[in-house]
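Structure data follow from protein-v9.txt (compact mmCIF, C-alpha atoms):
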```txt
# COMPACT_ATOMS: atom_id res chain seq x y z
CA MET G 555 46.64 99.59 228.86
CA GLU G 556 48.93 96.65 228.17
CA ASP G 557 46.21 95.04 226.04
CA LEU G 558 45.73 98.22 224.03
CA ASP G 559 49.47 98.28 223.37
CA ARG G 560 49.27 94.66 222.21
CA PHE G 561 46.45 95.56 219.79
CA SER G 562 48.34 98.57 218.50
CA LYS G 563 51.49 96.53 217.79
CA ALA G 564 49.46 93.81 216.06
CA ILE G 565 47.67 96.37 213.87
CA THR G 566 51.03 97.85 212.80
CA MET G 567 52.26 94.36 211.86
CA VAL G 568 49.13 93.59 209.84
CA GLU G 569 49.40 96.92 208.02
CA ARG G 570 53.00 96.13 207.10
CA TYR G 571 51.97 92.68 205.92
CA GLU G 572 49.31 94.25 203.69
CA GLN G 573 51.83 96.70 202.24
CA TYR G 574 54.01 93.69 201.49
CA LEU G 575 51.18 91.81 199.74
CA TYR G 576 50.26 94.84 197.65
CA GLN G 577 53.83 95.66 196.63
CA ARG G 578 54.48 92.00 195.76
CA ALA G 579 51.32 91.84 193.64
CA MET G 580 52.49 94.92 191.77
CA GLY G 581 55.93 93.41 191.17
CA LEU G 582 54.49 90.14 189.87
CA ALA G 583 52.06 92.04 187.62
CA PHE G 584 55.00 93.91 186.09
CA ILE G 585 56.78 90.62 185.38
CA VAL G 586 53.64 89.10 183.79
CA ASN G 587 53.18 92.20 181.60
CA GLY G 588 56.83 92.08 180.62
CA LEU G 589 56.48 88.50 179.39
CA VAL G 590 53.04 88.57 177.75
CA GLY G 591 53.85 91.37 175.25
CA PRO G 592 56.92 89.76 173.68
CA ALA G 593 55.22 86.32 173.75
CA VAL G 594 52.29 87.68 171.72
CA PHE G 595 54.69 89.34 169.27
CA PHE G 596 56.67 86.10 168.88
CA LEU G 597 53.53 84.06 168.19
CA ILE G 598 52.31 86.59 165.60
CA LEU G 599 55.76 86.55 164.00
CA LYS G 600 55.70 82.76 163.74
CA ALA G 601 51.97 82.56 163.01
CA GLU G 602 52.44 80.96 159.60
CA SER G 603 54.53 78.09 161.03
CA PHE G 604 52.32 77.45 164.09
CA SER G 605 48.99 77.81 162.26
CA VAL G 606 49.84 74.77 160.08
CA TYR G 607 49.97 72.50 163.16
CA LEU G 608 46.58 73.73 164.39
CA GLY G 609 44.94 73.71 160.96
CA MET G 610 44.14 77.42 161.05
CA THR G 611 44.89 80.33 158.79
CA SER G 612 47.75 82.53 160.03
CA THR G 613 45.33 85.44 160.64
CA MET G 614 43.06 83.21 162.72
CA PHE G 615 46.05 81.93 164.68
CA SER G 616 47.27 85.51 165.32
CA VAL G 617 43.86 86.58 166.62
CA PHE G 618 43.48 83.37 168.66
CA SER G 619 46.94 83.52 170.26
CA THR G 620 46.70 87.27 170.99
CA THR G 621 43.27 86.88 172.60
CA LEU G 622 44.38 83.84 174.60
CA LEU G 623 47.63 85.32 175.91
CA ALA G 624 46.16 88.77 176.56
CA GLY G 625 43.24 87.09 178.37
CA ILE G 626 45.59 85.01 180.51
CA GLY G 627 47.63 88.15 181.30
CA VAL G 628 44.52 90.10 182.34
CA LEU G 629 43.24 87.19 184.48
CA ILE G 630 46.60 86.79 186.26
CA ASN G 631 46.71 90.54 186.94
CA ILE G 632 43.16 90.54 188.31
CA TYR G 633 43.98 87.52 190.48
CA LEU G 634 47.19 89.10 191.83
CA PHE G 635 45.53 92.34 192.88
CA ALA G 636 42.29 90.69 193.96
CA SER G 637 44.14 88.29 196.26
CA ALA G 638 46.15 91.18 197.73
CA ARG G 639 42.99 93.20 198.29
CA VAL G 640 40.27 90.65 198.98
CA LEU G 641 42.44 88.90 201.51
CA SER G 642 43.43 92.22 203.02
CA SER G 643 41.78 93.77 205.98
CA LYS G 644 38.19 94.87 205.95
CA ILE G 645 38.38 96.26 209.44
CA LEU G 646 41.60 98.24 209.46
CA GLU G 647 41.86 101.80 208.29
CA ARG G 648 44.85 101.81 205.98
CA LYS G 649 47.39 104.59 205.69
CA ASP G 650 47.66 103.90 201.97
CA ASN G 651 44.00 103.89 201.04
CA ARG G 652 43.75 101.31 198.28
CA ASP G 653 40.06 101.63 197.59
CA LEU G 654 38.23 99.66 194.92
CA PRO G 655 37.43 102.61 192.57
CA PHE G 656 41.13 103.50 192.51
CA MET G 657 42.11 99.93 191.63
CA PHE G 658 39.42 99.86 188.94
CA LEU G 659 40.78 103.12 187.50
CA MET G 660 44.29 101.64 187.37
CA PHE G 661 42.96 98.53 185.67
CA CYS G 662 41.14 100.70 183.09
CA ILE G 663 44.30 102.73 182.33
CA TRP G 664 46.31 99.58 181.57
CA PHE G 665 43.47 97.77 179.80
CA VAL G 666 42.67 100.71 177.48
CA ALA G 667 46.37 101.28 176.72
CA PHE G 668 46.89 97.67 175.60
CA PHE G 669 43.47 97.45 173.95
CA LEU G 670 44.46 100.34 171.67
CA VAL G 671 47.53 98.36 170.54
CA GLY G 672 45.09 96.21 168.55
CA TYR G 673 44.43 99.23 166.28
CA ILE G 674 48.10 99.75 165.47
CA PRO G 675 49.06 98.26 162.08
CA ASP G 676 50.89 94.92 162.33
CA PRO G 677 54.40 96.04 161.42
CA TYR G 678 54.35 98.50 164.32
CA SER G 679 52.55 96.34 166.90
CA GLY G 680 55.80 95.55 168.76
CA ALA G 681 56.50 99.25 169.22
CA GLY G 682 52.81 99.65 170.10
CA TRP G 683 53.18 97.32 173.10
CA SER G 684 56.17 99.31 174.29
CA LEU G 685 54.37 102.63 173.79
CA ALA G 686 51.26 101.32 175.58
CA GLY G 687 53.31 99.97 178.51
CA GLY G 688 55.31 103.19 178.78
CA THR G 689 52.29 105.49 178.57
CA ALA G 690 50.27 103.42 181.06
CA SER G 691 53.22 103.45 183.49
CA LEU G 692 53.57 107.23 183.29
CA ILE G 693 49.82 107.86 183.64
CA SER G 694 49.70 105.44 186.60
CA TYR G 695 52.60 107.27 188.25
CA PHE G 696 50.90 110.67 187.94
CA VAL G 697 47.49 109.33 189.02
CA MET G 698 49.08 107.69 192.08
CA SER G 699 51.09 110.81 192.93
CA TYR G 700 48.21 113.26 192.59
CA SER G 701 45.63 111.09 194.34
CA GLY G 702 47.73 110.88 197.49
CA HIS G 703 48.83 107.27 197.02
CA GLN G 704 52.33 106.05 197.52
CA LYS G 705 54.74 107.19 194.78
CA ARG G 706 56.30 104.36 192.77
CA PRO G 707 59.52 105.61 191.14
CA GLU G 708 59.86 102.35 189.19
CA LEU G 709 56.78 103.37 187.16
CA ILE G 710 58.34 106.58 185.88
CA ILE G 711 61.61 104.78 185.00
CA ILE G 712 59.76 102.02 183.11
CA GLY G 713 57.57 104.61 181.37
CA VAL G 714 60.44 106.78 180.15
CA ILE G 715 62.55 103.77 179.05
CA ASN G 716 59.68 102.28 177.03
CA ILE G 717 58.67 105.52 175.33
CA LEU G 718 62.30 106.27 174.42
CA ALA G 719 62.70 102.70 173.16
CA THR G 720 60.04 103.27 170.49
CA LEU G 721 61.99 106.19 168.95
CA PRO G 722 64.17 103.99 166.67
CA VAL G 723 60.96 102.68 165.03
CA PHE G 724 60.07 106.21 163.94
CA LEU G 725 63.64 106.78 162.72
CA TYR G 726 64.30 103.48 160.94
CA GLY G 727 60.79 102.31 160.05
CA ASP G 728 59.33 98.89 160.64
CA LEU G 729 62.54 96.83 160.49
CA LEU G 730 62.11 93.49 162.23
CA GLU G 731 65.38 93.91 164.14
CA VAL G 732 64.21 97.25 165.51
CA GLU G 733 60.88 95.75 166.60
CA VAL G 734 62.67 92.88 168.34
CA LEU G 735 65.02 95.34 170.05
CA VAL G 736 62.09 97.47 171.25
CA LEU G 737 60.29 94.43 172.68
CA THR G 738 63.47 93.16 174.31
CA ILE G 739 63.84 96.52 176.08
CA TYR G 740 60.15 96.31 177.01
CA ALA G 741 60.55 92.84 178.52
CA ILE G 742 63.77 93.69 180.38
CA SER G 743 62.42 96.96 181.81
CA PHE G 744 59.19 95.36 183.06
CA VAL G 745 60.88 92.26 184.48
CA CYS G 746 63.54 94.39 186.22
CA GLY G 747 60.83 96.78 187.50
CA GLY G 748 58.90 93.76 188.80
CA ALA G 749 61.97 92.31 190.49
CA TYR G 750 62.67 95.70 192.13
CA SER G 751 59.08 95.91 193.43
CA THR G 752 59.23 92.37 194.79
CA ILE G 753 62.54 93.00 196.56
CA LYS G 754 61.14 96.22 197.98
CA ALA G 755 58.09 94.30 199.21
CA ASN G 756 60.36 92.20 201.42
CA GLN G 757 61.60 95.39 203.07
CA TYR G 758 58.09 95.95 204.47
CA LEU G 759 58.34 92.60 206.23
CA GLU G 760 61.79 93.32 207.61
CA ALA G 761 61.06 96.89 208.70
CA SER G 762 60.88 96.19 212.41
CA MET I 1205 25.62 87.05 232.77
CA ALA I 1206 29.22 85.96 232.15
CA ASP I 1207 31.96 87.67 234.11
CA PRO I 1208 33.85 90.03 231.71
CA LEU I 1209 37.08 89.06 233.46
CA ASP I 1210 36.67 85.44 232.20
CA VAL I 1211 38.05 86.59 228.87
CA LEU I 1212 41.50 87.06 230.39
CA GLU I 1213 41.54 83.49 231.67
CA LYS I 1214 40.14 81.96 228.47
CA GLY I 1215 42.44 83.96 226.23
CA GLU I 1216 45.61 83.30 228.19
CA ILE I 1217 47.20 81.70 225.12
CA PHE I 1218 46.85 85.05 223.30
CA SER I 1219 48.56 86.98 226.09
CA ALA I 1220 52.00 86.69 224.42
CA GLN I 1221 52.49 89.53 221.94
CA HIS I 1222 53.75 87.28 219.13
CA ARG I 1223 50.93 84.74 219.48
CA PHE I 1224 48.40 87.57 219.56
CA THR I 1225 49.90 89.12 216.40
CA ILE I 1226 49.98 85.76 214.61
CA MET I 1227 46.33 85.11 215.43
CA PHE I 1228 45.30 88.65 214.52
CA LEU I 1229 47.05 88.42 211.15
CA LEU I 1230 45.67 84.96 210.42
CA TYR I 1231 42.18 86.00 211.50
CA ILE I 1232 42.25 88.70 208.82
CA HIS I 1233 44.26 86.93 206.10
CA ARG I 1234 43.41 83.27 206.86
CA LYS I 1235 46.90 82.01 206.01
CA ALA I 1236 50.49 83.21 205.75
CA GLY I 1237 53.89 81.77 204.95
CA PHE I 1238 56.19 80.67 207.79
CA THR I 1239 59.10 82.73 206.40
CA GLU I 1240 56.89 85.80 205.98
CA LEU I 1241 55.72 85.52 209.58
CA GLN I 1242 59.27 85.04 210.78
CA LYS I 1243 60.47 88.19 208.97
CA LEU I 1244 57.45 90.20 210.03
CA LEU I 1245 57.77 89.31 213.73
CA ASN I 1246 61.55 89.47 213.62
CA VAL I 1247 61.98 86.18 215.49
CA THR I 1248 64.14 83.10 214.98
CA PRO I 1249 62.60 80.04 213.27
CA GLY I 1250 62.78 78.15 216.58
CA ASN I 1251 60.97 80.91 218.44
CA LEU I 1252 58.23 81.13 215.84
CA ASP I 1253 57.92 77.34 215.80
CA HIS I 1254 57.43 77.38 219.58
CA HIS I 1255 54.56 79.89 219.33
CA LEU I 1256 52.97 78.03 216.43
CA ARG I 1257 53.21 74.72 218.28
CA LYS I 1258 51.39 76.24 221.26
CA LEU I 1259 48.63 77.52 218.98
CA ALA I 1260 48.49 74.22 217.06
CA GLU I 1261 48.21 72.22 220.32
CA ALA I 1262 45.19 74.35 221.21
CA GLY I 1263 43.76 73.58 217.75
CA TYR I 1264 43.82 77.21 216.65
CA VAL I 1265 46.22 76.92 213.70
CA LYS I 1266 47.49 74.19 211.41
CA THR I 1267 50.60 74.07 209.25
CA SER I 1268 50.96 72.51 205.84
CA HIS I 1269 53.67 72.23 203.22
CA ILE I 1270 53.02 73.40 199.69
CA LEU I 1271 55.26 73.27 196.66
CA ASP I 1272 55.66 76.68 195.06
CA TRP I 1273 58.84 77.57 193.13
CA ARG I 1274 60.41 76.40 196.42
CA PRO I 1275 58.90 74.35 199.25
CA LEU I 1276 56.87 76.58 201.53
CA LYS I 1277 55.48 76.03 204.99
CA MET I 1278 52.10 77.66 205.32
CA VAL I 1279 50.29 78.51 208.54
CA GLU I 1280 46.52 78.58 208.46
CA ILE I 1281 43.91 79.48 211.05
CA THR I 1282 41.35 76.78 211.87
CA PRO I 1283 37.61 77.52 212.13
CA MET I 1284 37.90 76.92 215.88
CA GLY I 1285 40.87 79.31 216.07
CA ALA I 1286 38.92 81.99 214.21
CA LYS I 1287 35.93 81.55 216.52
CA GLU I 1288 38.03 81.60 219.69
CA PHE I 1289 39.97 84.67 218.58
CA ARG I 1290 36.77 86.47 217.60
CA ASP I 1291 35.24 85.65 220.99
CA TYR I 1292 38.43 86.85 222.68
CA ALA I 1293 38.41 90.16 220.76
CA ILE I 1294 34.71 90.71 221.55
CA GLY I 1295 35.36 89.77 225.17
CA MET I 1296 38.21 92.29 225.38
CA ARG I 1297 35.94 94.99 223.97
CA GLU I 1298 33.30 94.15 226.58
CA LEU I 1299 35.96 94.22 229.28
CA LEU I 1300 37.12 97.66 228.20
CA LYS I 1301 33.50 98.89 228.25
CA PHE I 1302 33.09 97.37 231.73
CA ILE I 1303 36.23 99.16 232.99
CA GLU I 1304 35.04 102.50 231.53
```

Mind turning this structure into structure tokens?
Amino acid sequence: MEDLDRFSKAITMVERYEQYLYQRAMGLAFIVNGLVGPAVFFLILKAESFSVYLGMTSTMFSVFSTTLLAGIGVLINIYLFASARVLSSKILERKDNRDLPFMFLMFCIWFVAFFLVGYIPDPYSGAGWSLAGGTASLISYFVMSYSGHQKRPELIIIGVINILATLPVFLYGDLLEVEVLVLTIYAISFVCGGAYSTIKANQYLEAS
Amino acid sequence: MADPLDVLEKGEIFSAQHRFTIMFLLYIHRKAGFTELQKLLNVTPGNLDHHLRKLAEAGYVKTSHILDWRPLKMVEITPMGAKEFRDYAIGMRELLKFIE
């Protein structure tokens, strides 16, 4: 009986550790997303200056830098969630069932949202990143809520902030200042959301 | 046929709750940070160090220092540790079957 109790306590600890890994991966993914978008916009904005150093046309540089940064962002995100999942238990039955199809669905939601940004005309691409991030956050929140997964309030806050942030673009047109403001809000909201998730992850460790 | 009760003697090192939890977690996740383990088990650094030293002396875990955005002490299970813990878990299962 004592041994069963020991097993039970250890399983609870491992489950909490897995919750921590998952929440931390989510927080870090938010921070990466918050930095990649504005970085891409900055490189496109300065494409003419940078392309000279690399001996490319500005269009080539824009495509190259966008592909490179977006690729790095996707790879980091895959790594973060893969390490949280692959390393996680294969023998424990989790309370928060983070199955592979669900994670793939989440990846698709975010990938498609940012992929569509490529079809938005250049002057509005900054607002496009914000709109994509906001929409993906909201869809993720509803998918998570309705599929019985843990609710993440930070997603709905980030989603609403980012969608509202794109409104000035529709009111004032494609002014550079407005685009910069939108992307600044995008970066701040995602980085703050990420920091919140990471701090919350520590609470799983300290929940004894 | 081996005596099912042998498992209790062989796995004496795992009899402490904290050492058992550390090994169970490392068996599943291979490695974990010292600070993470300390928070998770809710023990003092000295207490955790004592348990880790016991496991390290038996050759079941090893610690290493890595440089992240701050220096981190990592605890990793050794192949021998994984094998011994697996044998212990299987032995416990056999023992429970034997008791039933």

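Of the listed residues G:Val723, G:Val714, G:Leu654, G:Val594, the one whose atoms come nearest to Gly627 in chain G is G:Val594, with distances taken using only C-alpha atoms.
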
Subject >> Option closest in space to chain G, from I:Arg1234, I:Lys1301, I:Lys1258, I:Lys1277 [counting all atoms listed in the file] >> reply: I:Arg1234

Original post:
By how many Å are CA of Ala1220 in chain I and CA of Ile1281 in chain I apart?
Top reply: 17.2 Å

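Straight-line separation from CA of Ala681 in chain G to CA of Glu602 in chain G: 21.1 Å.
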
Original post:
Which neighbours of Val732 in chain G fall inside 9 Å, counting all atoms listed in the file, when residues of the same chain fewer than 3 positions from it are skipped, and could you give them as a ChimeraX atom specification?
Top reply: /G:681,720,722-723,726-729,735-737

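The gap separating CA of Glu1240 in chain I from CA of Asn756 in chain G is 8.6 Å, in Å to one decimal.
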